[in-house]
Structures are given as C-alpha cells and as structure tokens.
$ cat upload09.txt   # compact mmCIF, C-alpha atoms and all ligand atoms
# COMPACT_ATOMS: atom_id res chain seq x y z
CA MET B 1 0.00 0.00 0.00
CA GLY B 2 2.96 2.37 -0.39
CA PRO B 3 5.07 4.40 2.04
CA LEU B 4 4.44 4.97 5.77
CA SER B 5 2.92 8.40 5.02
CA LEU B 6 -0.13 6.59 3.64
CA SER B 7 -0.92 5.00 7.01
CA ARG B 8 -3.50 7.66 7.89
CA TYR B 9 -5.40 6.88 4.70
CA ILE B 10 -5.10 3.10 5.20
CA GLU B 11 -6.36 3.30 8.82
CA ASN B 12 -9.49 5.08 7.59
CA ILE B 13 -10.36 2.44 4.99
CA PRO B 14 -12.29 0.10 7.39
CA ILE B 15 -14.49 2.94 8.66
CA GLN B 16 -15.50 4.33 5.27
CA LEU B 17 -19.23 4.01 4.68
CA PHE B 18 -19.99 2.90 1.10
CA PRO B 19 -17.49 5.34 -0.50
CA GLY B 20 -18.38 4.41 -4.09
CA TRP B 21 -22.10 4.83 -3.60
CA LYS B 22 -22.40 8.55 -2.88
CA GLY B 23 -22.61 9.77 -6.50
CA PRO B 24 -24.94 7.01 -7.75
CA VAL B 25 -27.26 7.39 -4.74
CA LEU B 26 -27.37 11.18 -5.20
CA ALA B 27 -28.10 10.70 -8.92
CA ALA B 28 -30.91 8.26 -8.09
CA VAL B 29 -32.41 10.60 -5.47
CA ALA B 30 -32.23 13.64 -7.81
CA LEU B 31 -33.83 11.69 -10.68
CA SER B 32 -36.51 10.33 -8.34
CA ILE B 33 -37.43 13.81 -7.14
CA PHE B 34 -37.54 15.10 -10.71
CA PHE B 35 -39.69 12.27 -12.13
CA PHE B 36 -41.94 12.15 -9.06
CA GLY B 37 -42.55 15.89 -9.41
CA TYR B 38 -43.22 15.53 -13.13
CA SER B 39 -45.76 12.69 -12.63
CA PHE B 40 -47.36 14.53 -9.73
CA ILE B 41 -47.93 17.65 -11.82
CA ARG B 42 -49.00 15.73 -14.92
CA ASP B 43 -51.30 13.12 -13.34
CA ILE B 44 -52.57 14.85 -10.20
CA ILE B 45 -52.28 18.63 -10.41
CA HIS B 46 -53.21 18.97 -14.08
CA PRO B 47 -56.51 16.98 -13.88
CA TYR B 48 -57.33 18.78 -10.65
CA VAL B 49 -56.82 22.24 -12.13
CA GLN B 50 -58.49 21.39 -15.47
CA HIS B 51 -61.50 19.31 -14.34
CA LYS B 52 -61.52 19.58 -10.52
CA GLN B 53 -60.87 15.83 -10.53
CA SER B 54 -59.28 14.65 -7.28
CA ASP B 55 -56.76 11.89 -8.03
CA PHE B 56 -54.65 12.37 -4.93
CA TYR B 57 -55.19 8.72 -3.98
CA LYS B 58 -52.73 7.88 -6.80
CA ILE B 59 -49.75 9.34 -4.93
CA PRO B 60 -48.66 6.32 -2.80
CA ILE B 61 -48.79 3.66 -5.49
CA GLU B 62 -49.41 4.90 -9.03
CA ILE B 63 -47.14 7.94 -8.98
CA VAL B 64 -44.43 6.03 -7.13
CA ASN B 65 -44.82 3.21 -9.63
CA HIS B 66 -44.38 5.66 -12.52
CA THR B 67 -41.28 7.11 -10.91
CA LEU B 68 -39.51 3.80 -10.15
CA PRO B 69 -39.16 2.40 -13.69
CA THR B 70 -38.37 5.80 -15.18
CA VAL B 71 -35.49 6.30 -12.76
CA ALA B 72 -34.39 2.67 -13.22
CA ILE B 73 -34.17 2.93 -17.00
CA THR B 74 -32.47 6.34 -16.85
CA LEU B 75 -29.83 4.92 -14.49
CA LEU B 76 -29.39 1.94 -16.79
CA ALA B 77 -28.88 4.32 -19.70
CA LEU B 78 -26.28 6.20 -17.62
CA VAL B 79 -24.43 2.90 -17.05
CA TYR B 80 -23.95 2.31 -20.75
CA LEU B 81 -23.63 5.95 -21.84
CA ALA B 82 -20.35 6.19 -19.94
CA GLY B 83 -18.89 3.36 -22.06
CA GLN B 84 -19.93 5.15 -25.27
CA LEU B 85 -18.28 8.38 -24.13
CA ALA B 86 -15.14 6.42 -23.23
CA ALA B 87 -15.11 4.88 -26.72
CA ALA B 88 -15.63 8.33 -28.31
CA HIS B 89 -12.74 9.70 -26.22
CA GLN B 90 -10.44 6.91 -27.42
CA LEU B 91 -11.49 7.36 -31.05
CA TYR B 92 -10.98 11.12 -30.83
CA TYR B 93 -7.46 10.81 -29.44
CA GLY B 94 -6.67 7.72 -31.53
CA THR B 95 -5.31 5.80 -28.53
CA LYS B 96 -6.56 3.77 -25.62
CA TYR B 97 -3.61 4.79 -23.42
CA LYS B 98 -4.64 8.43 -22.80
CA GLN B 99 -6.24 8.89 -19.38
CA PHE B 100 -9.94 9.70 -19.26
CA PRO B 101 -10.89 13.06 -17.70
CA GLN B 102 -11.61 12.90 -13.95
CA TRP B 103 -15.40 13.15 -14.31
CA LEU B 104 -15.54 10.33 -16.89
CA GLU B 105 -13.19 8.17 -14.83
CA GLY B 106 -15.47 8.62 -11.78
CA TRP B 107 -18.55 7.88 -13.87
CA LEU B 108 -16.97 4.71 -15.33
CA GLN B 109 -16.01 3.59 -11.82
CA SER B 110 -19.53 3.97 -10.50
CA ARG B 111 -21.33 1.93 -13.19
CA LYS B 112 -21.67 -1.11 -10.95
CA GLN B 113 -23.42 0.94 -8.27
CA LEU B 114 -25.61 2.73 -10.85
CA GLY B 115 -26.56 -0.66 -12.33
CA LEU B 116 -27.38 -2.19 -8.96
CA ILE B 117 -29.52 0.76 -7.91
CA SER B 118 -31.30 0.48 -11.26
CA PHE B 119 -31.87 -3.23 -10.57
CA PHE B 120 -33.20 -2.49 -7.07
CA LEU B 121 -35.68 0.09 -8.40
CA ALA B 122 -36.78 -2.30 -11.16
CA ALA B 123 -37.35 -5.05 -8.56
CA VAL B 124 -39.47 -2.73 -6.41
CA HIS B 125 -41.38 -1.69 -9.55
CA VAL B 126 -42.19 -5.38 -10.19
CA LEU B 127 -43.63 -5.69 -6.66
CA TYR B 128 -45.64 -2.48 -6.97
CA SER B 129 -47.00 -3.59 -10.34
CA LEU B 130 -48.04 -6.98 -8.98
CA CYS B 131 -49.96 -5.20 -6.21
CA LEU B 132 -51.87 -2.86 -8.57
CA PRO B 133 -54.95 -5.14 -8.91
CA LEU B 134 -55.12 -5.58 -5.10
CA ARG B 135 -56.00 -1.93 -4.54
CA ARG B 136 -59.46 -0.91 -3.41
CA SER B 137 -59.48 1.91 -5.98
CA GLU B 138 -58.95 -0.66 -8.74
CA LYS B 139 -62.01 -2.61 -7.58
CA TYR B 140 -64.20 0.52 -7.54
CA LEU B 141 -62.97 1.56 -10.98
CA LEU B 142 -63.73 -1.93 -12.33
CA LEU B 143 -67.22 -1.88 -10.84
CA ASN B 144 -67.87 1.58 -12.29
CA ALA B 145 -66.65 0.48 -15.71
CA ALA B 146 -68.89 -2.62 -15.57
CA TYR B 147 -71.87 -0.47 -14.58
CA GLN B 148 -71.24 1.98 -17.42
CA GLN B 149 -70.90 -0.92 -19.84
CA ILE B 150 -74.28 -2.31 -18.80
CA HIS B 151 -75.81 1.15 -19.19
CA ALA B 152 -74.34 1.44 -22.66
CA ASN B 153 -75.84 -1.99 -23.43
CA MET B 154 -72.45 -3.34 -24.40
CA GLU B 155 -72.08 -7.10 -23.98
CA ASN B 156 -68.44 -7.55 -24.79
CA SER B 157 -65.69 -5.01 -24.07
CA TRP B 158 -62.83 -7.18 -25.46
CA ASN B 159 -60.33 -5.06 -27.38
CA GLU B 160 -57.98 -7.31 -29.32
CA GLU B 161 -55.35 -4.65 -29.94
CA GLU B 162 -55.29 -3.59 -26.30
CA VAL B 163 -55.10 -7.23 -25.15
CA TRP B 164 -52.07 -7.93 -27.38
CA ARG B 165 -50.40 -4.71 -26.37
CA VAL B 166 -50.61 -5.49 -22.66
CA GLU B 167 -49.65 -9.18 -23.08
CA MET B 168 -46.50 -8.20 -25.02
CA TYR B 169 -45.74 -5.36 -22.63
CA VAL B 170 -45.88 -7.62 -19.56
CA SER B 171 -43.97 -10.42 -21.29
CA PHE B 172 -41.09 -8.13 -22.33
CA GLY B 173 -41.07 -6.56 -18.86
CA ILE B 174 -40.62 -9.97 -17.22
CA MET B 175 -37.99 -10.98 -19.78
CA SER B 176 -36.02 -7.73 -19.25
CA PHE B 177 -36.18 -8.12 -15.49
CA GLY B 178 -34.94 -11.73 -15.82
CA LEU B 179 -31.96 -10.57 -17.89
CA MET B 180 -31.23 -7.78 -15.46
CA SER B 181 -31.27 -10.29 -12.56
CA PHE B 182 -28.60 -12.20 -14.45
CA LEU B 183 -26.40 -9.08 -14.44
CA ALA B 184 -27.04 -8.53 -10.74
CA ILE B 185 -26.08 -12.14 -9.92
CA THR B 186 -22.80 -11.84 -11.79
CA SER B 187 -22.00 -8.72 -9.71
CA ILE B 188 -21.77 -10.79 -6.54
CA PRO B 189 -18.00 -10.90 -5.81
CA SER B 190 -17.85 -14.69 -5.33
CA ILE B 191 -19.49 -15.19 -8.74
CA SER B 192 -17.65 -12.45 -10.63
CA ASN B 193 -14.33 -13.76 -9.24
CA SER B 194 -15.07 -17.15 -10.76
CA LEU B 195 -15.46 -15.59 -14.25
CA ASN B 196 -12.59 -14.46 -16.42
CA TRP B 197 -12.64 -11.03 -18.12
CA ARG B 198 -14.14 -12.37 -21.35
CA GLU B 199 -16.93 -14.25 -19.57
CA PHE B 200 -17.76 -11.28 -17.35
CA SER B 201 -17.89 -8.76 -20.20
CA PHE B 202 -19.79 -11.26 -22.38
CA ILE B 203 -22.53 -11.46 -19.74
CA GLN B 204 -22.53 -7.76 -18.83
CA VAL B 205 -22.41 -6.39 -22.37
CA GLN B 206 -24.27 -9.01 -24.44
CA THR B 207 -27.08 -9.30 -21.90
CA CYS B 208 -27.53 -5.57 -22.00
CA LEU B 209 -27.52 -5.44 -25.79
CA THR B 210 -30.24 -8.10 -25.91
CA ARG B 211 -32.27 -6.35 -23.29
CA ASP B 212 -32.00 -2.91 -24.92
CA GLY B 213 -32.81 -4.41 -28.29
CA LYS B 214 -36.04 -5.79 -26.85
CA GLY B 215 -36.80 -2.71 -24.80
C1 LIG B 301 -27.67 -5.09 -12.58
C2 LIG B 301 -26.31 -4.60 -13.02
C3 LIG B 301 -25.15 -5.06 -12.39
C4 LIG B 301 -23.88 -4.61 -12.79
N1 LIG B 301 -22.79 -5.09 -12.13
C5 LIG B 301 -21.56 -4.68 -12.49
C6 LIG B 301 -20.38 -5.18 -11.85
O1 LIG B 301 -20.46 -5.99 -10.96
N2 LIG B 301 -19.18 -4.69 -12.22
C7 LIG B 301 -19.04 -3.79 -13.23
O2 LIG B 301 -17.94 -3.39 -13.56
N3 LIG B 301 -20.14 -3.30 -13.85
C8 LIG B 301 -21.38 -3.73 -13.52
N4 LIG B 301 -22.48 -3.23 -14.18
C9 LIG B 301 -22.28 -2.20 -15.21
C10 LIG B 301 -22.07 -2.70 -16.67
O3 LIG B 301 -22.93 -3.77 -16.98
C11 LIG B 301 -20.64 -3.12 -16.93
O4 LIG B 301 -19.78 -2.10 -16.47
C12 LIG B 301 -20.38 -3.39 -18.42
O5 LIG B 301 -19.21 -4.11 -18.51
C13 LIG B 301 -20.24 -2.14 -19.24
O6 LIG B 301 -19.96 -2.52 -20.57
P1 LIG B 301 -19.54 -1.44 -21.62
O7 LIG B 301 -19.32 -2.09 -22.93
O8 LIG B 301 -20.50 -0.29 -21.61
O9 LIG B 301 -18.21 -0.85 -21.01
P2 LIG B 301 -16.72 -1.37 -21.04
O10 LIG B 301 -16.55 -2.79 -21.41
O11 LIG B 301 -16.10 -0.91 -19.77
O12 LIG B 301 -16.14 -0.51 -22.22
C14 LIG B 301 -16.25 0.93 -22.21
C15 LIG B 301 -15.23 1.51 -23.13
O13 LIG B 301 -13.99 1.48 -22.46
C16 LIG B 301 -12.98 1.15 -23.36
N5 LIG B 301 -12.32 -0.10 -22.91
C17 LIG B 301 -12.91 -1.22 -22.43
N6 LIG B 301 -12.00 -2.15 -22.12
C18 LIG B 301 -10.81 -1.60 -22.40
C19 LIG B 301 -9.45 -2.04 -22.29
N7 LIG B 301 -9.15 -3.25 -21.86
N8 LIG B 301 -8.48 -1.18 -22.65
C20 LIG B 301 -8.76 0.05 -23.09
N9 LIG B 301 -10.00 0.51 -23.22
C21 LIG B 301 -11.01 -0.28 -22.89
C22 LIG B 301 -13.58 1.02 -24.72
O14 LIG B 301 -13.51 2.25 -25.39
C23 LIG B 301 -15.02 0.74 -24.43
O15 LIG B 301 -15.89 1.17 -25.42
C24 LIG B 301 -23.76 -3.68 -13.83
C25 LIG B 301 -24.90 -3.23 -14.49
C26 LIG B 301 -26.17 -3.68 -14.11
C27 LIG B 301 -27.38 -3.18 -14.83
$ encode --input "upload09.txt" --output "structure tokens"
Amino acid sequence: MGPLSLSRYIENIPIQLFPGWKGPVLAAVALSIFFFGYSFIRDIIHPYVQHKQSDFYKIPIEIVNHTLPTVAITLLALVYLAGQLAAAHQLYYGTKYKQFPQWLEGWLQSRKQLGLISFFLAAVHVLYSLCLPLRRSEKYLLLNAAYQQIHANMENSWNEEEVWRVEMYVSFGIMSFGLMSFLAITSIPSISNSLNWREFSFIQVQTCLTRDGKG
C-alpha cells in the first residue's frame, strides 16, 4: 500500500461508509425527485386544475410506480452511456492509453453501483406492479366500468389490440427483469471472481444489448 505516510489513509479504509455509492445514490435521489414531481404535476395537479378531478389517492402507489421504472431505466442508460463516451474519447485521441478526464473516470467507476440501484428500483417496480390489482381503488374503478358498460348496453368489451399490447408489454417486462437479474447475480464478488474477463464482459455487455434491443 505504499510508504508509511499513507498509514492515515489506510487506517481510515475500514471505517469508510460505502465510499463508491455517494454519487450514484445522489443521482438516483435527484432523478426520483424530478420524475416524481413531473408525474405529480401531470397526473394529479393537471386533472385537478383542469377538471376539478381529485386523483390524490394515486400518490402512494401509481405515482411512485411511474417514478420507479423511469429512474431505473435512466440509471441503466447512464451505465452504458459512460462506455460510449469512453469509446468516443479513445477514437478522438486515436489511442486507448490516454487517461480519461476525472469526471468520466469517476462515472466509469460507479457503473456497478448505478446498475445495482437500477436493478433495485426495477425489482421494487415489479412488486408495486403486482400489487396494482389488489387496490381498493382498482375494484371501484372496475365496478364503475362494468356499470357503465351495462348502461351502454355493451355485452363484450374485449379489445384485441389492447389485449395484445398489454400481453407483449408484460412479457417483455418480465424478460427484461430476468436478464437484469442475471447481471445482478454476476455482480456478486464470489461469482464475478469465478469468471474471467471475457466471460464477465460477455454477460454484462451481451445481456444488456439483448435487453436494450427488446426494450
Ligand atoms: C444489474 C447490473 C449489475 C452490474 N454489475 C456490475 C459489476 O459488478 N461490475 C461492473 O464493472 N459493472 C457492472 N455493471 C455495469 C455494466 O454492466 C458493466 O460495467 C459493463 O461491462 C459495461 O460494458 P460497456 O461495454 O458499456 O463498457 P466497457 O466494457 O467498460 O467498455 C467501455 C469503453 O472502455 C474502453 N475499454 C474497455 N475495455 C478496455 C481495455 N481493456 N483497454 C482500453 N480501453 C477499454 C472502450 O472504449 C469501451 O468502449 C452492472 C450493471 C447492471 C445493470
């Protein structure tokens, strides 16, 4: 670890609290506040101001469940954007030996944390989405829709296009989450240590390409 003068730094290593997580956590919090605010204004304030429609009940689940995937996918994009900028930097200078600027170096170093936070938010989004039909509001809305359908003398409300859209949407969501879980598993040190560089980058990069292609 170098000369004796570094001992102060070395002694502090065991008491550091998640040093690599500060930037990614701050980015996730800032994005969450931004997207929560955006959904709140768009889905709650706007209908209230326009039609005096009170949708405030949507705040704990629906608005949160809009925010979670949006932040997750933005963080995932940030994970892979850094690699593209690094590639552009190398192409521009025509060498892979020139050091990256400090900000890009820090960004590249925090991709694991950004990816894992993205995975965590996606996992919570899955749970929230599974709970959507359990809500009381959902039951009332369904009853109201059924009542209106009877009033309109409509026997069958089946919409083929809508059915296909939602089936595909859910299927790709589950598939993407499965692929993302694969990335998260290979981040566990005991597993990543058992992979060589080619295997690790094959899983991390190819899995992401497949997922983004589907997304
Ligand atoms: C759920 C989840 C978990 C993740 N876990 C991890 C993890 O545990 N660890 C981790 O590191 N990342 C992790 N990530 C982040 C990401 O998947 C990986 O960093 C991935 O390897 C990035 O691939 P890349 O092609 O964008 O970048 P890289 O393969 O790093 O390439 C970026 C650029 O750097 C340059 N470059 C790459 N290799 C070299 C080299 N040998 N010499 C010179 N230049 C080079 C090239 O210009 C290249 O385009 C995770 C992401 C998610 C979503």
$ residues_around --input "upload09.txt" --residues "Asp43 of chain B" --least-positions-apart "5" --cutoff "12 Å" --atoms "only C-alpha atoms" --output "compact mmCIF listing (two decimals) with C-alpha atoms, in the frame of the given file"
# COMPACT_ATOMS: atom_id res chain seq x y z
CA PHE B 35 -39.69 12.27 -12.13
CA PHE B 36 -41.94 12.15 -9.06
CA GLY B 37 -42.55 15.89 -9.41
CA TYR B 38 -43.22 15.53 -13.13
CA TYR B 48 -57.33 18.78 -10.65
CA VAL B 49 -56.82 22.24 -12.13
CA GLN B 50 -58.49 21.39 -15.47
CA HIS B 51 -61.50 19.31 -14.34
CA GLN B 53 -60.87 15.83 -10.53
CA SER B 54 -59.28 14.65 -7.28
CA ASP B 55 -56.76 11.89 -8.03
CA PHE B 56 -54.65 12.37 -4.93
CA TYR B 57 -55.19 8.72 -3.98
CA LYS B 58 -52.73 7.88 -6.80
CA ILE B 59 -49.75 9.34 -4.93
CA GLU B 62 -49.41 4.90 -9.03
CA ILE B 63 -47.14 7.94 -8.98
CA VAL B 64 -44.43 6.03 -7.13
CA HIS B 66 -44.38 5.66 -12.52
CA THR B 67 -41.28 7.11 -10.91
$ residues_near_ligand --input "upload09.txt" --ligand "ligand LIG 301 (chain B)" --cutoff "8 Å" --atoms "all atoms listed in the file" --output "PyMOL selection string"
chain B and resi 76+79-91+96-97+108-109+111-119+180-189+192+200-201+204-205+208
$ atom_distance --input "upload09.txt" --atom1 "atom CA of Thr207 of chain B" --atom2 "atom CA of Ser176 of chain B"
9.5 Å
$ atom_distance --input "upload09.txt" --atom1 "atom CA of Leu130 of chain B" --atom2 "atom CA of Gly178 of chain B"
15.5 Å
$ closest_residue --input "upload09.txt" --among "B:Leu6, B:Ile61, B:Ile44, B:Leu68" --to "Ser32 of chain B" --atoms "only C-alpha atoms"
B:Leu68
$ closest_residue --input "upload09.txt" --among "B:His46, B:His125, B:Arg8, B:Lys98" --to "Ile73 of chain B" --atoms "all atoms listed in the file"
B:His125
$ atom_distance --input "upload09.txt" --atom1 "atom CA of Ala30 of chain B" --atom2 "atom CA of Gly173 of chain B"
24.7 Å
$ closest_residue --input "upload09.txt" --among "B:Ala27, B:Ala123, B:Leu179, B:Met1" --to "Trp107 of chain B" --atoms "all atoms listed in the file"
B:Ala27
